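Chemist: Dropping a structure here in structure tokens format, bear with me for questions.
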Amino acid sequence: MHSSLIGKIEKANRYARETDRISFEALSVNFRGDNDTHHVSLDSGDWQCNCHYFESFQTCAHILAIEKILGDMIPASAQRSLFAAATSADVSATETRGVA
């Protein structure tokens, strides 16, 4: 193996750990859900999914799962941040009941 290739592999491994270097502008995937396979896409910060829940709420479990997997590689404009909202609501409800 060429020494230059070894350097490229090492660099690729470092890049793979530094996910903030990557930002998806467009994405198109097939997501195999419990009941059906859904087409999910992201284009210029706008999500689309062909599941019924998305039609009413403009987000769904498929999009939230992809966001959780890709994390900070999804542009801020496309983040739904429902996980943070759910966590905050759980903490507030627990504090209100006096449970620590």
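Residues in the structure tokens are numbered from 1 in each chain, the chains being A, B, ... in the order shown, and ligands are numbered from 1 in the order shown.
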Compile the contact shell of Asp36 (chain A) as a list in words: residues with an atom at most 12 Å away, counting only C-alpha atoms, same-chain residues fewer than 5 positions apart removed.
Modeler: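 The filter keeps Asn30, Phe31, Asn50, Cys51, His52 and His62 of chain A.
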Chemist: If you count only C-alpha atoms, which residues fall within 10 Å of Arg80 (chain A), apart from same-chain ones fewer than 4 positions away, as a list in words?
Modeler: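 Contacts, in chain order: Trp47, Gln58, Thr59, Cys60, Ile63, Leu64, Glu67, Ala76, Ala84 and Ala85 of chain A.
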Chemist: What separation in Å, quoted to one decimal, exists between CA of Ser23 (chain A) and CA of Asp43 (chain A)?
Modeler: 12.1 Å
Chemist: Would you give me, as number ranges by chain, the residues in region 10-79 of chain A that DSSP reads as helix (DSSP H, G or I)?
Modeler: A: 10-17, 19-21, 52-57, 61-73, 76-78
Chemist: Take the residues just selected and output them with C-alpha atoms as a PDB file, in the first residue's frame.
Modeler:
```pdb
ATOM      1  CA  GLU A  10      -6.070   8.358   8.442  1.00  0.00           C
ATOM      2  CA  LYS A  11      -7.471  11.691   7.281  1.00  0.00           C
ATOM      3  CA  ALA A  12     -10.790  10.046   6.323  1.00  0.00           C
ATOM      4  CA  ASN A  13     -11.032   8.481   9.782  1.00  0.00           C
ATOM      5  CA  ARG A  14     -10.441  11.881  11.405  1.00  0.00           C
ATOM      6  CA  TYR A  15     -13.063  13.502   9.166  1.00  0.00           C
ATOM      7  CA  ALA A  16     -15.556  10.754  10.045  1.00  0.00           C
ATOM      8  CA  ARG A  17     -15.190  11.652  13.741  1.00  0.00           C
ATOM      9  CA  THR A  19     -19.220  15.332  11.811  1.00  0.00           C
ATOM     10  CA  ASP A  20     -19.495  19.132  12.033  1.00  0.00           C
ATOM     11  CA  ARG A  21     -17.513  19.221   8.764  1.00  0.00           C
ATOM     12  CA  HIS A  52     -50.095  10.203   6.604  1.00  0.00           C
ATOM     13  CA  TYR A  53     -48.830  11.861   9.803  1.00  0.00           C
ATOM     14  CA  PHE A  54     -46.621  14.258   7.834  1.00  0.00           C
ATOM     15  CA  GLU A  55     -49.640  15.443   5.832  1.00  0.00           C
ATOM     16  CA  SER A  56     -51.187  16.885   9.006  1.00  0.00           C
ATOM     17  CA  PHE A  57     -48.187  17.909  11.112  1.00  0.00           C
ATOM     18  CA  ALA A  61     -41.203   9.747  13.264  1.00  0.00           C
ATOM     19  CA  HIS A  62     -39.294   9.078  10.029  1.00  0.00           C
ATOM     20  CA  ILE A  63     -37.920  12.626   9.834  1.00  0.00           C
ATOM     21  CA  LEU A  64     -37.181  12.737  13.568  1.00  0.00           C
ATOM     22  CA  ALA A  65     -35.240   9.456  13.339  1.00  0.00           C
ATOM     23  CA  ILE A  66     -33.147  10.759  10.434  1.00  0.00           C
ATOM     24  CA  GLU A  67     -32.440  13.982  12.337  1.00  0.00           C
ATOM     25  CA  LYS A  68     -31.363  11.975  15.378  1.00  0.00           C
ATOM     26  CA  ILE A  69     -29.044   9.806  13.264  1.00  0.00           C
ATOM     27  CA  LEU A  70     -27.476  12.681  11.310  1.00  0.00           C
ATOM     28  CA  GLY A  71     -27.418  15.161  14.212  1.00  0.00           C
ATOM     29  CA  ASP A  72     -25.514  18.364  13.487  1.00  0.00           C
ATOM     30  CA  MET A  73     -25.057  17.383   9.840  1.00  0.00           C
ATOM     31  CA  ALA A  76     -30.184  24.353  11.578  1.00  0.00           C
ATOM     32  CA  SER A  77     -32.983  25.616   9.328  1.00  0.00           C
ATOM     33  CA  ALA A  78     -34.198  22.016   8.889  1.00  0.00           C
TER      34      ALA A  78
END
```
Chemist: Go ahead and compute the interatomic distance for CA of Val40 (chain A) and CA of Glu25 (chain A), in Å to one decimal.
Modeler: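 According to the coordinates, CA of Val40 (chain A) and CA of Glu25 (chain A) are separated by 13.7 Å.
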